[in-house]
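**Student:** First, the structure itself, so that you have it in front of you.
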Amino acid sequence: MSENIIEFQNVSFRYEADESEKPLPLCVENVSLNIKKGDFVAVLGHNGSGKSTLAKLSNSILIPESGRVLVDGMDTADESLSYDIRRTVGVVFQNPDNQIVASIVEEDVAFGPENLGVPPDELRRRVDDALKAVGMYEYRHHEPHKLSGGQKQRVAIAGMIAMLPECIVLDEPTAMLDPKGRKEVMDTVRRLNRERGMTVVFITHFMEEAATADRVVVMDNAKILLDGTPQAVFSKAELLKKIGLDVPKAAALAAELRANGIPIRDGVLTADALADNILELLGDA
């Protein structure tokens with residue numbers, strides 16, 4: 001069995017144009033990318049770079065124009081495998097209102113597994129476990145439309161968890177949320193990865209979110225530009241700026257402090273790490 005949960009093998013894809021139009025440009029071009037089981041991978045890129053298309057290709061919502069996408073060895077182009085592929089890799093999109101289908105939270109979370117024919121006792125356990133995993137169990141009898149954006153997104157994630165996927169792909173799930181909602185979702189996803197071993201592919205345009213991943217993939221102009229640890233990727237500050245991206249604010253501040261003679265460690269990317277480093281320096285003073 002492969003150690004990769006998702007494999008992109010020289011994948012290209014373009015959306016269909018209207019009959020009167022010329023063919024649209026490729027939005028994913030000759031991309032090869034492996035996602036290992038248990039990894040937490042962040043995918044960065046400006047709008048139109050191809051990262052959302054990558055999400056839809058990962059569980060057969062879209063099929064490559066050329067190349068292959070394998071999900072735990074299953075070819076997404078094989079329609080007979082779509083059911084198993086989508087049970088293996090679940091996708092959560094940026095607008096939770098588009099994903100909530102029921103009028104009560106626990107009914108919404110039950111919707112997916114119930115359609116799979118999960119028996120009632122098992123369904124009850126899955127729904128409770130999923131809501132507890134995202135910190136929303138006490139809201140199980142609430143109406144989703146009365147929840148905050150961050151809470152709705154956590155319910156959407158719970159609905160996906162109840163399907164028991166091995167991997168969850170989140171396509172800019174915090175884009176429409178305030179800072180509190182973003183933190184709720186990020187804490188939830190990190191915990192699922194750490195405690196349950198769930199593979200996470202987190203597509204985002206927030207540098208601070210990507211800084212906490214195991215690995216960062218940067219897309220630009222339909223291709224992969226960078227792929228490495230957060231420290232390696234964010235060390236390419238000038239290249240990132242050229243394509244309209246930045247480095248995490250804590251990393252930018254750390255660089256400024258270094259430039260002014262304060263011996264901040266290389267590779268500091270988060271506010272917590274920067275604060276710890278400053279406290280160490282103050283302790284040594």
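Chain labels run A, B, ... following the order of the structure tokens; each chain numbers its residues from 1, and ligands are numbered from 1 in the order shown.
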Please provide the set of residues having any atom within 7 Å of Val216 of chain A, restricted to only C-alpha atoms, with same-chain residues fewer than 3 positions apart removed, written as a PDB file with N, CA and C atoms, in the first residue's frame.
**Tutor:**
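Printed below is result.pdb as written:
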```pdb
ATOM      1  N   VAL A  41      -0.507  19.648   5.132  1.00  0.00           N
ATOM      2  CA  VAL A  41       0.090  20.396   4.019  1.00  0.00           C
ATOM      3  C   VAL A  41      -0.737  21.649   3.757  1.00  0.00           C
ATOM      4  N   ALA A  42      -0.083  22.804   3.738  1.00  0.00           N
ATOM      5  CA  ALA A  42      -0.746  24.055   3.373  1.00  0.00           C
ATOM      6  C   ALA A  42      -0.434  24.365   1.911  1.00  0.00           C
ATOM      7  N   VAL A  43      -1.454  24.823   1.185  1.00  0.00           N
ATOM      8  CA  VAL A  43      -1.278  25.223  -0.218  1.00  0.00           C
ATOM      9  C   VAL A  43      -1.583  26.709  -0.323  1.00  0.00           C
ATOM     10  N   ALA A 210      -0.483  29.032   7.122  1.00  0.00           N
ATOM     11  CA  ALA A 210       0.457  28.132   6.451  1.00  0.00           C
ATOM     12  C   ALA A 210       1.711  27.891   7.288  1.00  0.00           C
ATOM     13  N   ALA A 213       1.927  24.594   9.304  1.00  0.00           N
ATOM     14  CA  ALA A 213       1.819  23.294   8.625  1.00  0.00           C
ATOM     15  C   ALA A 213       3.156  22.551   8.672  1.00  0.00           C
ATOM     16  N   ASP A 227       7.912  24.134  -2.836  1.00  0.00           N
ATOM     17  CA  ASP A 227       7.385  23.006  -2.061  1.00  0.00           C
ATOM     18  C   ASP A 227       8.440  22.632  -1.025  1.00  0.00           C
ATOM     19  N   GLY A 228       8.117  22.826   0.254  1.00  0.00           N
ATOM     20  CA  GLY A 228       9.094  22.507   1.287  1.00  0.00           C
ATOM     21  C   GLY A 228       8.552  22.810   2.671  1.00  0.00           C
ATOM     22  N   THR A 229       9.435  22.800   3.657  1.00  0.00           N
ATOM     23  CA  THR A 229       9.021  23.150   5.009  1.00  0.00           C
ATOM     24  C   THR A 229       8.624  24.630   5.044  1.00  0.00           C
ATOM     25  N   PRO A 230       7.816  25.043   6.029  1.00  0.00           N
ATOM     26  CA  PRO A 230       7.491  26.472   6.130  1.00  0.00           C
ATOM     27  C   PRO A 230       8.741  27.342   6.205  1.00  0.00           C
ATOM     28  N   VAL A 233      10.267  27.576   2.648  1.00  0.00           N
ATOM     29  CA  VAL A 233       9.443  28.355   1.717  1.00  0.00           C
ATOM     30  C   VAL A 233       9.456  29.833   2.075  1.00  0.00           C
TER      31      VAL A 233
END
```
**Student:** Rank A:Gly197, A:Ala259, A:Glu122, A:His141 by their smallest atom-to-atom distance to Ser103 of chain A, using only C-alpha atoms, and report the top residue only.
**Tutor:**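 Counting only C-alpha atoms, the residue closest to Ser103 of chain A is A:His141.
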**Student:** For Lys242 of chain A, please output as a list in words all residues within 12 Å (counting only C-alpha atoms; exclusion window: fewer than 3 positions along the same chain).
**Tutor:** Gly45, His46, Asp220, Leu225, Lys236, Ala237, Glu238, Leu239, Leu245, Asp246 and Val247 of chain A
**Student:** Could those residues be written to a file, using N, CA and C atoms, as a PDB file, in the first residue's frame?
**Tutor:**
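Saved as selection_17.pdb:
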```pdb
ATOM      1  N   GLY A  45      -1.301  30.486  -2.664  1.00  0.00           N
ATOM      2  CA  GLY A  45      -1.282  31.036  -4.019  1.00  0.00           C
ATOM      3  C   GLY A  45      -2.300  32.152  -4.119  1.00  0.00           C
ATOM      4  N   HIS A  46      -2.034  33.118  -5.001  1.00  0.00           N
ATOM      5  CA  HIS A  46      -2.992  34.207  -5.178  1.00  0.00           C
ATOM      6  C   HIS A  46      -4.215  33.688  -5.928  1.00  0.00           C
ATOM      7  N   ASP A 220       1.652  29.085  -8.491  1.00  0.00           N
ATOM      8  CA  ASP A 220       1.645  30.336  -9.242  1.00  0.00           C
ATOM      9  C   ASP A 220       1.466  30.015 -10.712  1.00  0.00           C
ATOM     10  N   LEU A 225       5.348  26.356  -7.632  1.00  0.00           N
ATOM     11  CA  LEU A 225       6.542  27.198  -7.615  1.00  0.00           C
ATOM     12  C   LEU A 225       7.500  26.781  -6.507  1.00  0.00           C
ATOM     13  N   LYS A 236      12.176  32.425   1.159  1.00  0.00           N
ATOM     14  CA  LYS A 236      12.199  32.990  -0.202  1.00  0.00           C
ATOM     15  C   LYS A 236      11.303  34.228  -0.265  1.00  0.00           C
ATOM     16  N   ALA A 237      11.530  35.154   0.631  1.00  0.00           N
ATOM     17  CA  ALA A 237      10.639  36.313   0.766  1.00  0.00           C
ATOM     18  C   ALA A 237      10.532  37.124  -0.525  1.00  0.00           C
ATOM     19  N   GLU A 238      11.637  37.339  -1.198  1.00  0.00           N
ATOM     20  CA  GLU A 238      11.615  38.160  -2.418  1.00  0.00           C
ATOM     21  C   GLU A 238      10.816  37.488  -3.526  1.00  0.00           C
ATOM     22  N   LEU A 239      10.984  36.169  -3.670  1.00  0.00           N
ATOM     23  CA  LEU A 239      10.242  35.424  -4.692  1.00  0.00           C
ATOM     24  C   LEU A 239       8.750  35.457  -4.385  1.00  0.00           C
ATOM     25  N   LEU A 245       2.546  37.416  -2.860  1.00  0.00           N
ATOM     26  CA  LEU A 245       2.389  36.844  -1.527  1.00  0.00           C
ATOM     27  C   LEU A 245       3.382  37.507  -0.580  1.00  0.00           C
ATOM     28  N   ASP A 246       3.245  37.188   0.692  1.00  0.00           N
ATOM     29  CA  ASP A 246       4.121  37.791   1.690  1.00  0.00           C
ATOM     30  C   ASP A 246       4.637  36.703   2.606  1.00  0.00           C
ATOM     31  N   VAL A 247       5.326  37.081   3.655  1.00  0.00           N
ATOM     32  CA  VAL A 247       5.729  36.131   4.688  1.00  0.00           C
ATOM     33  C   VAL A 247       4.873  36.412   5.923  1.00  0.00           C
TER      34      VAL A 247
END
```
**Student:** In Å, with one decimal, what is the gap from atom CA of Val89 of chain A to atom CA of Ile5 of chain A?
**Tutor:**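 Separating atom CA of Val89 of chain A from atom CA of Ile5 of chain A is a distance of 8.5 Å.
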**Student:** Residues within 10 Å of Pro25 of chain A, please, as a PDB file with all heavy atoms, in the first residue's frame. Count only C-alpha atoms; anything in the same chain fewer than 6 positions from it doesn't count.
**Tutor:**
```
ATOM      1  N   PHE A  13      -5.303  20.588 -16.246  1.00  0.00           N
ATOM      2  CA  PHE A  13      -6.757  20.735 -16.296  1.00  0.00           C
ATOM      3  C   PHE A  13      -7.104  22.143 -16.751  1.00  0.00           C
ATOM      4  O   PHE A  13      -6.450  23.116 -16.366  1.00  0.00           O
ATOM      5  CB  PHE A  13      -7.390  20.488 -14.922  1.00  0.00           C
ATOM      6  CG  PHE A  13      -8.882  20.672 -14.917  1.00  0.00           C
ATOM      7  CD1 PHE A  13      -9.725  19.646 -15.290  1.00  0.00           C
ATOM      8  CD2 PHE A  13      -9.440  21.906 -14.580  1.00  0.00           C
ATOM      9  CE1 PHE A  13     -11.098  19.833 -15.323  1.00  0.00           C
ATOM     10  CE2 PHE A  13     -10.815  22.101 -14.612  1.00  0.00           C
ATOM     11  CZ  PHE A  13     -11.645  21.058 -14.979  1.00  0.00           C
ATOM     12  N   ARG A  14      -8.151  22.238 -17.567  1.00  0.00           N
ATOM     13  CA  ARG A  14      -8.719  23.543 -17.923  1.00  0.00           C
ATOM     14  C   ARG A  14     -10.233  23.415 -17.916  1.00  0.00           C
ATOM     15  O   ARG A  14     -10.781  22.338 -18.194  1.00  0.00           O
ATOM     16  CB  ARG A  14      -8.208  24.018 -19.289  1.00  0.00           C
ATOM     17  CG  ARG A  14      -8.943  23.479 -20.482  1.00  0.00           C
ATOM     18  CD  ARG A  14      -8.329  23.971 -21.786  1.00  0.00           C
ATOM     19  NE  ARG A  14      -7.140  23.213 -22.139  1.00  0.00           N
ATOM     20  CZ  ARG A  14      -6.039  23.774 -22.645  1.00  0.00           C
ATOM     21  NH1 ARG A  14      -5.985  25.075 -22.861  1.00  0.00           N
ATOM     22  NH2 ARG A  14      -4.986  23.033 -22.947  1.00  0.00           N
ATOM     23  N   TYR A  15     -10.911  24.499 -17.586  1.00  0.00           N
ATOM     24  CA  TYR A  15     -12.371  24.516 -17.617  1.00  0.00           C
ATOM     25  C   TYR A  15     -12.837  24.672 -19.062  1.00  0.00           C
ATOM     26  O   TYR A  15     -12.124  25.241 -19.904  1.00  0.00           O
ATOM     27  CB  TYR A  15     -12.908  25.639 -16.738  1.00  0.00           C
ATOM     28  CG  TYR A  15     -12.668  25.384 -15.258  1.00  0.00           C
ATOM     29  CD1 TYR A  15     -11.566  25.936 -14.610  1.00  0.00           C
ATOM     30  CD2 TYR A  15     -13.528  24.561 -14.527  1.00  0.00           C
ATOM     31  CE1 TYR A  15     -11.323  25.682 -13.264  1.00  0.00           C
ATOM     32  CE2 TYR A  15     -13.299  24.299 -13.186  1.00  0.00           C
ATOM     33  CZ  TYR A  15     -12.195  24.864 -12.558  1.00  0.00           C
ATOM     34  OH  TYR A  15     -11.963  24.599 -11.231  1.00  0.00           O
ATOM     35  N   GLU A  16     -14.014  24.181 -19.345  1.00  0.00           N
ATOM     36  CA  GLU A  16     -14.549  24.257 -20.710  1.00  0.00           C
ATOM     37  C   GLU A  16     -15.037  25.664 -21.019  1.00  0.00           C
ATOM     38  O   GLU A  16     -15.695  26.305 -20.200  1.00  0.00           O
ATOM     39  CB  GLU A  16     -15.709  23.271 -20.878  1.00  0.00           C
ATOM     40  CG  GLU A  16     -15.261  21.817 -20.925  1.00  0.00           C
ATOM     41  CD  GLU A  16     -16.407  20.875 -21.259  1.00  0.00           C
ATOM     42  OE1 GLU A  16     -17.437  21.362 -21.764  1.00  0.00           O
ATOM     43  OE2 GLU A  16     -16.259  19.673 -21.004  1.00  0.00           O
ATOM     44  N   ALA A  17     -14.710  26.117 -22.201  1.00  0.00           N
ATOM     45  CA  ALA A  17     -15.184  27.431 -22.664  1.00  0.00           C
ATOM     46  C   ALA A  17     -16.514  27.254 -23.395  1.00  0.00           C
ATOM     47  O   ALA A  17     -16.894  26.147 -23.793  1.00  0.00           O
ATOM     48  CB  ALA A  17     -14.158  28.051 -23.599  1.00  0.00           C
ATOM     49  N   ALA A 222      -0.701  28.351 -12.396  1.00  0.00           N
ATOM     50  CA  ALA A 222      -1.116  26.969 -12.675  1.00  0.00           C
ATOM     51  C   ALA A 222      -0.045  25.918 -12.379  1.00  0.00           C
ATOM     52  O   ALA A 222      -0.266  24.729 -12.606  1.00  0.00           O
ATOM     53  CB  ALA A 222      -1.592  26.818 -14.128  1.00  0.00           C
TER      54      ALA A 222
END
```
**Student:** Find the spatial neighbours of Leu147 of chain A, counting only C-alpha atoms, within a cut-off of 12 Å - ignore same-chain residues fewer than 3 positions away - and output them as a PyMOL selection string.
**Tutor:** chain A and resi 96-97+100+103-105+136+139-144+150-156+181
**Student:** In Å, rounded to a single decimal, give me how far atom CA of Val91 of chain A is from atom CA of Phe8 of chain A.
**Tutor:** 16.3 Å
**Student:** For Asp266 of chain A, work out the shell of residues within 12 Å, counting only C-alpha atoms and skipping chain neighbours fewer than 5 positions away, then give it as a ChimeraX atom specification.
**Tutor:** /A:230-232,234-235,250-259,273-274,277
**Student:** For C-alpha atoms, I'd like the residues from the last selection saved as a tab-separated table (two decimals), in the first residue's frame.
**Tutor:**
```tsv
chain	number	residue	atom	x	y	z
A	230	PRO	CA	7.49	26.47	6.13
A	231	GLN	CA	10.99	27.66	7.07
A	232	ALA	CA	12.38	26.84	3.62
A	234	PHE	CA	9.20	31.57	3.75
A	235	SER	CA	12.95	32.11	3.46
A	250	ALA	CA	6.04	37.40	12.87
A	251	ALA	CA	8.70	36.34	10.34
A	252	ALA	CA	8.83	39.86	8.87
A	253	LEU	CA	9.24	41.35	12.36
A	254	ALA	CA	11.92	38.79	13.21
A	255	ALA	CA	13.85	39.79	10.07
A	256	GLU	CA	13.60	43.47	11.04
A	257	LEU	CA	14.87	42.75	14.53
A	258	ARG	CA	17.79	40.76	13.11
A	259	ALA	CA	18.61	43.64	10.76
A	273	ALA	CA	7.90	31.40	18.58
A	274	LEU	CA	9.01	35.03	18.33
A	277	ASN	CA	12.78	33.78	21.50
```
**Student:** In terms of the shortest atom-to-atom distance over only C-alpha atoms, which of A:Leu70, A:Asp84, A:Val189, A:Ile243 is closest to Val218 of chain A?
**Tutor:**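 That would be A:Ile243, the residue with the smallest distance to Val218 of chain A.
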**Student:** So which residues of segment 47-227 of chain A fall under alpha helix (DSSP H) by DSSP, listed as a PyMOL selection string?
**Tutor:** chain A and resi 51-57+82-88+105-115+120-133+149-161+179-196+207-210
**Student:** Restricted to C-alpha atoms, what would the selected residues look like written as a PDB file, in the first residue's frame?
**Tutor:**
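Everything below was put into out24.pdb:
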```pdb
ATOM      1  CA  LYS A  51      -5.122  25.977  -5.832  1.00  0.00           C
ATOM      2  CA  SER A  52      -8.938  25.591  -5.655  1.00  0.00           C
ATOM      3  CA  THR A  53      -8.891  23.490  -8.825  1.00  0.00           C
ATOM      4  CA  LEU A  54      -6.306  21.285  -7.110  1.00  0.00           C
ATOM      5  CA  ALA A  55      -8.831  20.707  -4.283  1.00  0.00           C
ATOM      6  CA  LYS A  56     -11.576  19.649  -6.709  1.00  0.00           C
ATOM      7  CA  LEU A  57      -9.209  17.333  -8.565  1.00  0.00           C
ATOM      8  CA  SER A  82     -15.979   7.718  -7.159  1.00  0.00           C
ATOM      9  CA  TYR A  83     -17.879   6.540  -4.075  1.00  0.00           C
ATOM     10  CA  ASP A  84     -14.764   5.038  -2.438  1.00  0.00           C
ATOM     11  CA  ILE A  85     -12.621   8.014  -3.449  1.00  0.00           C
ATOM     12  CA  ARG A  86     -15.011  10.512  -1.855  1.00  0.00           C
ATOM     13  CA  ARG A  87     -15.187   8.426   1.313  1.00  0.00           C
ATOM     14  CA  THR A  88     -11.375   8.532   1.458  1.00  0.00           C
ATOM     15  CA  VAL A 105     -26.888  20.889  13.797  1.00  0.00           C
ATOM     16  CA  GLU A 106     -26.840  17.160  14.620  1.00  0.00           C
ATOM     17  CA  GLU A 107     -29.152  16.383  11.690  1.00  0.00           C
ATOM     18  CA  ASP A 108     -26.787  18.198   9.367  1.00  0.00           C
ATOM     19  CA  VAL A 109     -23.789  16.214  10.618  1.00  0.00           C
ATOM     20  CA  ALA A 110     -25.806  12.981  10.236  1.00  0.00           C
ATOM     21  CA  PHE A 111     -26.807  13.745   6.628  1.00  0.00           C
ATOM     22  CA  GLY A 112     -23.731  12.299   4.879  1.00  0.00           C
ATOM     23  CA  PRO A 113     -23.273   9.044   6.826  1.00  0.00           C
ATOM     24  CA  GLU A 114     -27.044   8.454   6.893  1.00  0.00           C
ATOM     25  CA  ASN A 115     -27.045   8.536   3.083  1.00  0.00           C
ATOM     26  CA  PRO A 120     -28.713   4.125  13.630  1.00  0.00           C
ATOM     27  CA  ASP A 121     -26.497   3.169  16.605  1.00  0.00           C
ATOM     28  CA  GLU A 122     -23.313   3.715  14.612  1.00  0.00           C
ATOM     29  CA  LEU A 123     -24.755   6.951  13.183  1.00  0.00           C
ATOM     30  CA  ARG A 124     -25.433   8.323  16.674  1.00  0.00           C
ATOM     31  CA  ARG A 125     -21.876   7.526  17.754  1.00  0.00           C
ATOM     32  CA  ARG A 126     -20.331   9.085  14.635  1.00  0.00           C
ATOM     33  CA  VAL A 127     -22.363  12.285  14.958  1.00  0.00           C
ATOM     34  CA  ASP A 128     -21.515  12.696  18.660  1.00  0.00           C
ATOM     35  CA  ASP A 129     -17.816  11.925  18.076  1.00  0.00           C
ATOM     36  CA  ALA A 130     -17.598  14.351  15.148  1.00  0.00           C
ATOM     37  CA  LEU A 131     -19.279  17.192  17.056  1.00  0.00           C
ATOM     38  CA  LYS A 132     -17.022  16.606  20.071  1.00  0.00           C
ATOM     39  CA  ALA A 133     -13.963  16.578  17.782  1.00  0.00           C
ATOM     40  CA  GLY A 149     -19.342  31.850  10.809  1.00  0.00           C
ATOM     41  CA  GLY A 150     -16.608  29.953  12.644  1.00  0.00           C
ATOM     42  CA  GLN A 151     -19.163  27.699  14.332  1.00  0.00           C
ATOM     43  CA  LYS A 152     -20.901  26.967  11.003  1.00  0.00           C
ATOM     44  CA  GLN A 153     -17.592  26.012   9.433  1.00  0.00           C
ATOM     45  CA  ARG A 154     -16.842  23.680  12.341  1.00  0.00           C
ATOM     46  CA  VAL A 155     -20.253  22.041  11.797  1.00  0.00           C
ATOM     47  CA  ALA A 156     -19.389  21.607   8.095  1.00  0.00           C
ATOM     48  CA  ILE A 157     -16.085  19.985   9.111  1.00  0.00           C
ATOM     49  CA  ALA A 158     -17.940  17.738  11.586  1.00  0.00           C
ATOM     50  CA  GLY A 159     -20.244  16.610   8.777  1.00  0.00           C
ATOM     51  CA  MET A 160     -17.170  15.589   6.795  1.00  0.00           C
ATOM     52  CA  ILE A 161     -15.524  13.873   9.802  1.00  0.00           C
ATOM     53  CA  PRO A 179     -10.031  36.309  13.376  1.00  0.00           C
ATOM     54  CA  LYS A 180     -11.870  34.443  16.159  1.00  0.00           C
ATOM     55  CA  GLY A 181     -13.594  32.154  13.645  1.00  0.00           C
ATOM     56  CA  ARG A 182     -10.295  31.546  11.815  1.00  0.00           C
ATOM     57  CA  LYS A 183      -8.620  30.513  15.069  1.00  0.00           C
ATOM     58  CA  GLU A 184     -11.497  28.141  15.933  1.00  0.00           C
ATOM     59  CA  VAL A 185     -11.226  26.390  12.579  1.00  0.00           C
ATOM     60  CA  MET A 186      -7.415  26.225  12.615  1.00  0.00           C
ATOM     61  CA  ASP A 187      -7.343  24.814  16.164  1.00  0.00           C
ATOM     62  CA  THR A 188      -9.918  22.199  15.149  1.00  0.00           C
ATOM     63  CA  VAL A 189      -8.041  21.111  12.040  1.00  0.00           C
ATOM     64  CA  ARG A 190      -4.682  20.925  13.843  1.00  0.00           C
ATOM     65  CA  ARG A 191      -6.240  18.787  16.570  1.00  0.00           C
ATOM     66  CA  LEU A 192      -7.746  16.376  14.009  1.00  0.00           C
ATOM     67  CA  ASN A 193      -4.343  15.995  12.394  1.00  0.00           C
ATOM     68  CA  ARG A 194      -2.445  15.622  15.659  1.00  0.00           C
ATOM     69  CA  GLU A 195      -4.861  13.449  17.668  1.00  0.00           C
ATOM     70  CA  ARG A 196      -6.602  11.428  14.950  1.00  0.00           C
ATOM     71  CA  MET A 207       0.498  33.211   5.648  1.00  0.00           C
ATOM     72  CA  GLU A 208       0.117  32.760   9.423  1.00  0.00           C
ATOM     73  CA  GLU A 209      -2.041  29.673   8.859  1.00  0.00           C
ATOM     74  CA  ALA A 210       0.457  28.132   6.451  1.00  0.00           C
TER      75      ALA A 210
END
```
**Student:** Mind checking DSSP for segment 53-257 of chain A and telling me the strand (DSSP E) residues as number ranges by chain?
**Tutor:** A: 66-71, 74-75, 89-92, 167-171, 199-203, 215-220, 223-228
**Student:** Out of A:Ser148, A:Asn59, A:Met198, A:Gln99, which residue has the shortest atom-to-atom distance to Glu166 of chain A when counting only C-alpha atoms?
**Tutor:**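 With only C-alpha atoms as the atom set, the closest residue is A:Met198.
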**Student:** Separation of atom CA of Leu240 of chain A and atom CA of Val217 of chain A, in Å?
**Tutor:**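 Distance between the two atoms: 11.8 Å.
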